[in-house]
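Dumped protein.tsv below, it's TSV, N, CA and C atoms:
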```
chain	number	residue	atom	x	y	z
A	6	MET	N	26.35	-39.06	11.79
A	6	MET	CA	27.04	-37.78	11.64
A	6	MET	C	26.36	-36.92	10.58
A	7	LYS	N	25.92	-37.56	9.48
A	7	LYS	CA	25.25	-36.81	8.42
A	7	LYS	C	23.95	-36.21	8.92
A	8	LYS	N	23.23	-36.97	9.76
A	8	LYS	CA	21.96	-36.46	10.29
A	8	LYS	C	22.20	-35.26	11.21
A	9	LEU	N	23.25	-35.29	11.98
A	9	LEU	CA	23.57	-34.19	12.88
A	9	LEU	C	23.89	-32.92	12.09
A	10	LYS	N	24.65	-33.07	11.01
A	10	LYS	CA	24.96	-31.92	10.16
A	10	LYS	C	23.70	-31.38	9.50
A	11	LEU	N	22.82	-32.26	9.06
A	11	LEU	CA	21.58	-31.86	8.42
A	11	LEU	C	20.66	-31.13	9.40
A	12	ILE	N	20.58	-31.64	10.61
A	12	ILE	CA	19.75	-31.00	11.63
A	12	ILE	C	20.33	-29.63	12.00
A	13	THR	N	21.66	-29.55	12.13
A	13	THR	CA	22.31	-28.28	12.45
A	13	THR	C	22.09	-27.26	11.34
A	14	LEU	N	22.21	-27.67	10.09
A	14	LEU	CA	21.98	-26.78	8.96
A	14	LEU	C	20.53	-26.32	8.92
A	15	SER	N	19.60	-27.24	9.14
A	15	SER	CA	18.18	-26.90	9.15
A	15	SER	C	17.88	-25.88	10.25
A	16	PHE	N	18.45	-26.11	11.44
A	16	PHE	CA	18.23	-25.19	12.55
A	16	PHE	C	18.80	-23.81	12.24
A	17	ALA	N	19.99	-23.77	11.63
A	17	ALA	CA	20.61	-22.49	11.28
A	17	ALA	C	19.76	-21.74	10.25
A	18	LEU	N	19.23	-22.44	9.26
A	18	LEU	CA	18.36	-21.80	8.27
A	18	LEU	C	17.07	-21.31	8.90
A	19	LEU	N	16.52	-22.08	9.81
A	19	LEU	CA	15.29	-21.67	10.49
A	19	LEU	C	15.52	-20.41	11.32
A	20	VAL	N	16.57	-20.39	12.09
A	20	VAL	CA	16.88	-19.21	12.93
A	20	VAL	C	17.17	-18.00	12.04
A	21	GLY	N	17.89	-18.21	10.96
A	21	GLY	CA	18.20	-17.10	10.06
A	21	GLY	C	16.97	-16.53	9.39
A	22	SER	N	16.05	-17.40	8.97
A	22	SER	CA	14.85	-16.90	8.32
A	22	SER	C	13.92	-16.21	9.31
A	23	ILE	N	13.85	-16.69	10.54
A	23	ILE	CA	13.01	-16.04	11.55
A	23	ILE	C	13.58	-14.68	11.91
A	24	SER	N	14.87	-14.57	12.07
A	24	SER	CA	15.46	-13.27	12.43
A	24	SER	C	15.34	-12.28	11.26
A	25	PHE	N	15.42	-12.77	10.04
A	25	PHE	CA	15.26	-11.90	8.88
A	25	PHE	C	13.82	-11.41	8.78
A	26	ALA	N	12.86	-12.27	9.06
A	26	ALA	CA	11.45	-11.90	8.96
A	26	ALA	C	11.04	-10.95	10.07
A	27	SER	N	11.74	-10.92	11.18
A	27	SER	CA	11.37	-10.03	12.27
A	27	SER	C	11.80	-8.59	12.02
A	28	ASN	N	12.60	-8.33	11.00
A	28	ASN	CA	13.01	-6.97	10.68
A	28	ASN	C	12.01	-6.28	9.77
A	29	VAL	N	10.75	-6.52	10.00
A	29	VAL	CA	9.69	-5.92	9.18
A	29	VAL	C	9.62	-4.44	9.49
A	30	GLU	N	9.39	-3.65	8.45
A	30	GLU	CA	9.28	-2.21	8.60
A	30	GLU	C	8.14	-1.85	9.55
A	31	PRO	N	8.36	-0.98	10.51
A	31	PRO	CA	7.32	-0.62	11.47
A	31	PRO	C	6.13	0.05	10.78
A	32	ASP	N	4.97	-0.12	11.37
A	32	ASP	CA	3.76	0.44	10.78
A	32	ASP	C	3.71	1.94	11.02
A	33	THR	N	3.83	2.69	9.95
A	33	THR	CA	3.77	4.15	10.04
A	33	THR	C	2.56	4.68	9.30
A	34	LYS	N	1.63	3.79	9.00
A	34	LYS	CA	0.46	4.18	8.21
A	34	LYS	C	-0.35	5.30	8.88
A	35	SER	N	-0.61	5.16	10.17
A	35	SER	CA	-1.42	6.18	10.84
A	35	SER	C	-0.67	7.50	10.94
A	36	GLU	N	0.63	7.44	11.11
A	36	GLU	CA	1.44	8.66	11.21
A	36	GLU	C	1.45	9.44	9.90
A	37	ILE	N	1.71	8.74	8.78
A	37	ILE	CA	1.74	9.43	7.49
A	37	ILE	C	0.33	9.85	7.09
A	38	ARG	N	-0.66	9.03	7.44
A	38	ARG	CA	-2.05	9.36	7.09
A	38	ARG	C	-2.49	10.65	7.77
A	39	SER	N	-2.15	10.82	9.04
A	39	SER	CA	-2.54	12.05	9.74
A	39	SER	C	-1.85	13.28	9.15
A	40	GLN	N	-0.60	13.13	8.72
A	40	GLN	CA	0.08	14.26	8.10
A	40	GLN	C	-0.52	14.59	6.74
A	41	ILE	N	-0.90	13.57	5.98
A	41	ILE	CA	-1.52	13.81	4.67
A	41	ILE	C	-2.87	14.47	4.85
A	42	ILE	N	-3.65	14.05	5.83
A	42	ILE	CA	-4.95	14.67	6.09
A	42	ILE	C	-4.78	16.13	6.48
A	43	SER	N	-3.79	16.42	7.30
A	43	SER	CA	-3.57	17.83	7.68
A	43	SER	C	-3.13	18.66	6.48
A	44	LEU	N	-2.35	18.08	5.56
A	44	LEU	CA	-1.97	18.82	4.35
A	44	LEU	C	-3.18	19.07	3.45
A	45	LEU	N	-4.08	18.10	3.37
A	45	LEU	CA	-5.28	18.27	2.54
A	45	LEU	C	-6.25	19.26	3.17
A	46	ASN	N	-6.25	19.36	4.50
A	46	ASN	CA	-7.18	20.26	5.18
A	46	ASN	C	-6.66	21.68	5.35
A	47	LYS	N	-5.40	21.93	5.02
A	47	LYS	CA	-4.84	23.27	5.19
A	47	LYS	C	-5.61	24.31	4.39
A	48	ASN	N	-5.87	24.02	3.15
A	48	ASN	CA	-6.60	24.92	2.29
A	48	ASN	C	-8.03	24.41	2.18
A	49	LYS	N	-8.97	25.16	2.69
A	49	LYS	CA	-10.36	24.72	2.74
A	49	LYS	C	-11.10	24.99	1.42
A	50	THR	N	-10.41	24.90	0.32
A	50	THR	CA	-11.04	25.12	-0.97
A	50	THR	C	-12.03	24.00	-1.25
A	51	LYS	N	-13.23	24.38	-1.63
A	51	LYS	CA	-14.26	23.40	-1.95
A	51	LYS	C	-14.07	22.94	-3.38
A	52	ILE	N	-14.34	21.67	-3.60
A	52	ILE	CA	-14.31	21.15	-4.96
A	52	ILE	C	-15.72	20.72	-5.32
A	53	SER	N	-16.06	20.91	-6.57
A	53	SER	CA	-17.41	20.53	-7.00
A	53	SER	C	-17.34	19.16	-7.67
A	54	ILE	N	-18.02	18.21	-7.05
A	54	ILE	CA	-18.05	16.85	-7.58
A	54	ILE	C	-19.50	16.45	-7.80
A	55	ASP	N	-19.69	15.55	-8.76
A	55	ASP	CA	-21.04	15.13	-9.12
A	55	ASP	C	-21.62	14.12	-8.15
A	56	SER	N	-20.82	13.23	-7.65
A	56	SER	CA	-21.31	12.18	-6.75
A	56	SER	C	-21.11	12.58	-5.29
A	57	ASP	N	-21.70	11.80	-4.39
A	57	ASP	CA	-21.61	12.10	-2.97
A	57	ASP	C	-20.23	11.81	-2.39
A	58	GLU	N	-19.53	10.84	-2.96
A	58	GLU	CA	-18.19	10.54	-2.49
A	58	GLU	C	-17.34	10.00	-3.64
A	59	LEU	N	-16.06	10.28	-3.56
A	59	LEU	CA	-15.10	9.79	-4.54
A	59	LEU	C	-14.05	8.98	-3.81
A	60	GLU	N	-13.66	7.88	-4.41
A	60	GLU	CA	-12.62	7.04	-3.83
A	60	GLU	C	-11.48	6.91	-4.83
A	61	ALA	N	-10.27	6.89	-4.30
A	61	ALA	CA	-9.09	6.75	-5.16
A	61	ALA	C	-7.98	6.08	-4.38
A	62	ASN	N	-7.10	5.42	-5.09
A	62	ASN	CA	-5.87	4.86	-4.52
A	62	ASN	C	-4.72	5.72	-5.01
A	63	VAL	N	-3.96	6.25	-4.09
A	63	VAL	CA	-2.87	7.14	-4.42
A	63	VAL	C	-1.55	6.43	-4.16
A	64	SER	N	-0.71	6.39	-5.19
A	64	SER	CA	0.64	5.85	-5.05
A	64	SER	C	1.60	7.01	-4.90
A	65	PHE	N	2.46	6.93	-3.89
A	65	PHE	CA	3.41	8.01	-3.65
A	65	PHE	C	4.71	7.42	-3.13
A	66	MET	N	5.74	8.24	-3.16
A	66	MET	CA	7.01	7.86	-2.56
A	66	MET	C	7.60	9.10	-1.90
A	67	LEU	N	8.65	8.89	-1.16
A	67	LEU	CA	9.34	9.95	-0.44
A	67	LEU	C	10.68	10.19	-1.12
A	68	ASN	N	11.00	11.47	-1.37
A	68	ASN	CA	12.32	11.75	-1.96
A	68	ASN	C	13.33	12.07	-0.86
A	69	GLU	N	14.55	12.43	-1.24
A	69	GLU	CA	15.63	12.66	-0.28
A	69	GLU	C	15.37	13.86	0.63
A	70	LYS	N	14.50	14.77	0.20
A	70	LYS	CA	14.20	15.97	0.99
A	70	LYS	C	12.98	15.78	1.89
A	71	SER	N	12.54	14.53	2.09
A	71	SER	CA	11.34	14.20	2.88
A	71	SER	C	10.08	14.82	2.30
A	72	GLU	N	10.01	14.87	0.99
A	72	GLU	CA	8.84	15.40	0.30
A	72	GLU	C	8.06	14.25	-0.33
A	73	LEU	N	6.74	14.38	-0.31
A	73	LEU	CA	5.89	13.40	-0.98
A	73	LEU	C	5.97	13.62	-2.49
A	74	VAL	N	6.10	12.56	-3.24
A	74	VAL	CA	6.06	12.63	-4.70
A	74	VAL	C	4.90	11.73	-5.13
A	75	ILE	N	3.84	12.35	-5.65
A	75	ILE	CA	2.66	11.60	-6.07
A	75	ILE	C	2.97	10.95	-7.41
A	76	ILE	N	2.84	9.63	-7.45
A	76	ILE	CA	3.13	8.88	-8.67
A	76	ILE	C	1.87	8.72	-9.50
A	77	SER	N	0.78	8.28	-8.87
A	77	SER	CA	-0.46	8.11	-9.61
A	77	SER	C	-1.66	8.22	-8.68
A	78	VAL	N	-2.78	8.60	-9.27
A	78	VAL	CA	-4.06	8.64	-8.57
A	78	VAL	C	-5.02	7.83	-9.43
A	79	ARG	N	-5.43	6.68	-8.90
A	79	ARG	CA	-6.32	5.79	-9.66
A	79	ARG	C	-7.67	5.69	-8.96
A	80	SER	N	-8.73	5.84	-9.75
A	80	SER	CA	-10.07	5.69	-9.19
A	80	SER	C	-10.99	5.09	-10.23
A	81	LYS	N	-12.14	4.65	-9.78
A	81	LYS	CA	-13.11	4.02	-10.67
A	81	LYS	C	-14.27	4.98	-10.99
A	82	ASN	N	-14.08	6.25	-10.78
A	82	ASN	CA	-15.11	7.24	-11.05
A	82	ASN	C	-15.10	7.59	-12.54
A	83	ASP	N	-16.05	8.44	-12.94
A	83	ASP	CA	-16.05	8.85	-14.35
A	83	ASP	C	-14.89	9.80	-14.62
A	84	GLU	N	-14.65	10.09	-15.90
A	84	GLU	CA	-13.46	10.86	-16.29
A	84	GLU	C	-13.41	12.26	-15.70
A	85	THR	N	-14.56	12.93	-15.61
A	85	THR	CA	-14.59	14.28	-15.06
A	85	THR	C	-14.17	14.27	-13.59
A	86	ASN	N	-14.76	13.36	-12.83
A	86	ASN	CA	-14.40	13.28	-11.41
A	86	ASN	C	-12.98	12.78	-11.21
A	87	ASN	N	-12.50	11.92	-12.10
A	87	ASN	CA	-11.11	11.48	-12.03
A	87	ASN	C	-10.15	12.65	-12.18
A	88	ALA	N	-10.43	13.52	-13.13
A	88	ALA	CA	-9.58	14.69	-13.33
A	88	ALA	C	-9.63	15.62	-12.12
A	89	ILE	N	-10.81	15.76	-11.54
A	89	ILE	CA	-10.96	16.64	-10.36
A	89	ILE	C	-10.16	16.09	-9.18
A	90	ILE	N	-10.34	14.83	-8.87
A	90	ILE	CA	-9.65	14.24	-7.71
A	90	ILE	C	-8.15	14.16	-7.95
A	91	ASP	N	-7.74	13.88	-9.18
A	91	ASP	CA	-6.32	13.83	-9.52
A	91	ASP	C	-5.67	15.20	-9.29
A	92	GLY	N	-6.29	16.24	-9.80
A	92	GLY	CA	-5.75	17.60	-9.62
A	92	GLY	C	-5.76	18.04	-8.17
A	93	TYR	N	-6.84	17.71	-7.46
A	93	TYR	CA	-6.97	18.09	-6.05
A	93	TYR	C	-5.85	17.48	-5.21
A	94	ILE	N	-5.62	16.20	-5.37
A	94	ILE	CA	-4.61	15.51	-4.56
A	94	ILE	C	-3.20	15.94	-4.95
A	95	LYS	N	-2.94	16.02	-6.25
A	95	LYS	CA	-1.59	16.40	-6.68
A	95	LYS	C	-1.26	17.84	-6.29
A	96	LYS	N	-2.23	18.75	-6.39
A	96	LYS	CA	-1.98	20.15	-6.05
A	96	LYS	C	-1.65	20.32	-4.57
A	97	ARG	N	-2.31	19.55	-3.72
A	97	ARG	CA	-2.14	19.73	-2.28
A	97	ARG	C	-1.05	18.86	-1.66
A	98	LEU	N	-0.64	17.79	-2.35
A	98	LEU	CA	0.31	16.87	-1.73
A	98	LEU	C	1.66	16.78	-2.43
A	99	ASN	N	1.71	17.02	-3.73
A	99	ASN	CA	2.94	16.80	-4.47
A	99	ASN	C	4.04	17.76	-4.00
A	100	TYR	N	5.17	17.19	-3.61
A	100	TYR	CA	6.35	17.90	-3.12
A	100	TYR	C	6.10	18.68	-1.83
A	101	LYS	N	5.21	18.17	-0.99
A	101	LYS	CA	5.00	18.74	0.35
A	101	LYS	C	5.82	17.93	1.34
A	102	LYS	N	6.46	18.61	2.28
A	102	LYS	CA	7.31	17.94	3.27
A	102	LYS	C	6.47	17.23	4.32
A	103	VAL	N	6.95	16.05	4.72
A	103	VAL	CA	6.34	15.30	5.81
A	103	VAL	C	7.44	14.93	6.79
A	104	LYS	N	7.04	14.67	8.03
A	104	LYS	CA	8.02	14.32	9.06
A	104	LYS	C	7.75	12.90	9.55
A	105	VAL	N	8.13	11.94	8.73
A	105	VAL	CA	8.01	10.53	9.10
A	105	VAL	C	9.37	9.90	8.86
A	106	ASN	N	10.02	9.51	9.93
A	106	ASN	CA	11.38	8.99	9.83
A	106	ASN	C	11.44	7.55	9.34
A	107	LYS	N	10.36	6.81	9.48
A	107	LYS	CA	10.41	5.38	9.22
A	107	LYS	C	10.08	5.01	7.78
A	108	LEU	N	9.72	5.97	6.94
A	108	LEU	CA	9.48	5.68	5.53
A	108	LEU	C	10.81	5.65	4.80
A	109	ARG	N	10.92	4.72	3.86
A	109	ARG	CA	12.16	4.60	3.10
A	109	ARG	C	12.10	5.47	1.85
A	110	VAL	N	13.17	6.13	1.56
A	110	VAL	CA	13.28	6.98	0.38
A	110	VAL	C	13.24	6.10	-0.86
A	111	GLY	N	12.39	6.46	-1.81
A	111	GLY	CA	12.31	5.75	-3.08
A	111	GLY	C	11.36	4.58	-3.11
A	112	LYS	N	10.84	4.16	-1.98
A	112	LYS	CA	9.89	3.05	-1.95
A	112	LYS	C	8.49	3.58	-2.25
A	113	VAL	N	7.76	2.87	-3.09
A	113	VAL	CA	6.42	3.30	-3.48
A	113	VAL	C	5.42	2.78	-2.45
A	114	TYR	N	4.62	3.70	-1.91
A	114	TYR	CA	3.57	3.37	-0.96
A	114	TYR	C	2.23	3.65	-1.62
A	115	GLU	N	1.20	2.97	-1.15
A	115	GLU	CA	-0.14	3.19	-1.70
A	115	GLU	C	-1.11	3.38	-0.55
A	116	MET	N	-2.01	4.35	-0.72
A	116	MET	CA	-2.97	4.66	0.32
A	116	MET	C	-4.32	4.98	-0.31
A	117	PRO	N	-5.40	4.45	0.27
A	117	PRO	CA	-6.74	4.77	-0.24
A	117	PRO	C	-7.19	6.14	0.27
A	118	PHE	N	-7.93	6.86	-0.56
A	118	PHE	CA	-8.50	8.15	-0.19
A	118	PHE	C	-9.97	8.14	-0.48
A	119	LYS	N	-10.73	8.85	0.33
A	119	LYS	CA	-12.16	9.00	0.10
A	119	LYS	C	-12.51	10.47	0.34
A	120	ILE	N	-13.10	11.08	-0.65
A	120	ILE	CA	-13.54	12.47	-0.53
A	120	ILE	C	-15.06	12.45	-0.49
A	121	VAL	N	-15.64	12.97	0.59
A	121	VAL	CA	-17.08	12.97	0.78
A	121	VAL	C	-17.61	14.38	0.61
A	122	LYS	N	-18.71	14.49	-0.10
A	122	LYS	CA	-19.33	15.79	-0.39
A	122	LYS	C	-19.88	16.42	0.86
```
What would the structure in this file look like if it were written as structure tokens?
Amino acid sequence: MKKLKLITLSFALLVGSISFASNVEPDTKSEIRSQIISLLNKNKTKISIDSDELEANVSFMLNEKSELVIISVRSKNDETNNAIIDGYIKKRLNYKKVKVNKLRVGKVYEMPFKIVK
């Protein structure tokens, strides 16, 4: 009888953990990425950078009004280029509306960016 209860409990835990793991947030990376690219391309202002390409990781979240809130822009470039890319991304993306229903409000997302000369 004890073995039957143990097997039943194990099965219940297994089913519960599998059903919980299947509720993974859908992949909206390409959807939000395309909207961010269109926001960056709206204003064709050229930026002057010293290197051929700049890379950065941008942390952002969504507020209640479906606006992007840029939290940080981190890159391994020199200080001058860091300031340029930080200003460029924040000026064009901070508090801009996006239409992605599957992003959770208040959750921090991170996305890599590459700016090519």
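Distance check against Gln40 of chain A using only C-alpha atoms: of A:Lys70, A:Lys96, A:Lys102, A:Lys81, the minimum falls on A:Lys102.
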Problem - d(atom N of Val121 of chain A, atom N of Val63 of chain A) in Å - result: 14.3 Å
Practice task
Could you pull out the residues in segment 40-117 of chain A that DSSP calls strand (DSSP E) from the backbone, as a VMD selection string?
Solution key: chain A and resid 58 to 67 73 to 79 114 to 117
Identify the residues around (8.5, 8.1, 11.5) within a radius of 8 Å, measuring from only C-alpha atoms in the coordinates stated by the file, and give them as a tab-separated table (two decimals) with N, CA and C atoms, in the frame of the given file.
```
chain	number	residue	atom	x	y	z
A	33	THR	N	3.83	2.69	9.95
A	33	THR	CA	3.77	4.15	10.04
A	33	THR	C	2.56	4.68	9.30
A	36	GLU	N	0.63	7.44	11.11
A	36	GLU	CA	1.44	8.66	11.21
A	36	GLU	C	1.45	9.44	9.90
A	37	ILE	N	1.71	8.74	8.78
A	37	ILE	CA	1.74	9.43	7.49
A	37	ILE	C	0.33	9.85	7.09
A	104	LYS	N	7.04	14.67	8.03
A	104	LYS	CA	8.02	14.32	9.06
A	104	LYS	C	7.75	12.90	9.55
A	105	VAL	N	8.13	11.94	8.73
A	105	VAL	CA	8.01	10.53	9.10
A	105	VAL	C	9.37	9.90	8.86
A	106	ASN	N	10.02	9.51	9.93
A	106	ASN	CA	11.38	8.99	9.83
A	106	ASN	C	11.44	7.55	9.34
A	107	LYS	N	10.36	6.81	9.48
A	107	LYS	CA	10.41	5.38	9.22
A	107	LYS	C	10.08	5.01	7.78
A	108	LEU	N	9.72	5.97	6.94
A	108	LEU	CA	9.48	5.68	5.53
A	108	LEU	C	10.81	5.65	4.80
```
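Considering all atoms listed in the file, the residue among A:Ile89, A:Leu45, A:Ala61, A:Leu73 positioned nearest to Ile120 of chain A is A:Ala61.
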Practice task
Apply DSSP to the structure's backbone, then extract all residues of segment 29-122 of chain A labelled alpha helix (DSSP H) and return them as a PyMOL selection string.
Solution key: chain A and resi 34-47+84-98
Problem - atom CA of Phe118 of chain A to atom C of Glu69 of chain A, distance in Å rounded to a single decimal - result: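 Separation between atom CA of Phe118 of chain A and atom C of Glu69 of chain A: 24.6 Å.
Atom CA of Tyr100 of chain A is positioned 4.9 Å from atom CA of Glu72 of chain A.
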Protein and nucleic acid residues near (-12.0, 8.1, -6.4) (cut-off 6 Å, only N, CA and C atoms) as a CSV table (one decimal) with N, CA and C atoms, in the frame of the given file:
```
chain,number,residue,atom,x,y,z
A,59,LEU,N,-16.1,10.3,-3.6
A,59,LEU,CA,-15.1,9.8,-4.5
A,59,LEU,C,-14.0,9.0,-3.8
A,60,GLU,N,-13.7,7.9,-4.4
A,60,GLU,CA,-12.6,7.0,-3.8
A,60,GLU,C,-11.5,6.9,-4.8
A,61,ALA,N,-10.3,6.9,-4.3
A,61,ALA,CA,-9.1,6.8,-5.2
A,61,ALA,C,-8.0,6.1,-4.4
A,62,ASN,N,-7.1,5.4,-5.1
A,62,ASN,CA,-5.9,4.9,-4.5
A,62,ASN,C,-4.7,5.7,-5.0
A,79,ARG,N,-5.4,6.7,-8.9
A,79,ARG,CA,-6.3,5.8,-9.7
A,79,ARG,C,-7.7,5.7,-9.0
A,80,SER,N,-8.7,5.8,-9.8
A,80,SER,CA,-10.1,5.7,-9.2
A,80,SER,C,-11.0,5.1,-10.2
A,81,LYS,N,-12.1,4.6,-9.8
A,81,LYS,CA,-13.1,4.0,-10.7
A,81,LYS,C,-14.3,5.0,-11.0
A,82,ASN,N,-14.1,6.2,-10.8
A,82,ASN,CA,-15.1,7.2,-11.0
A,82,ASN,C,-15.1,7.6,-12.5
```
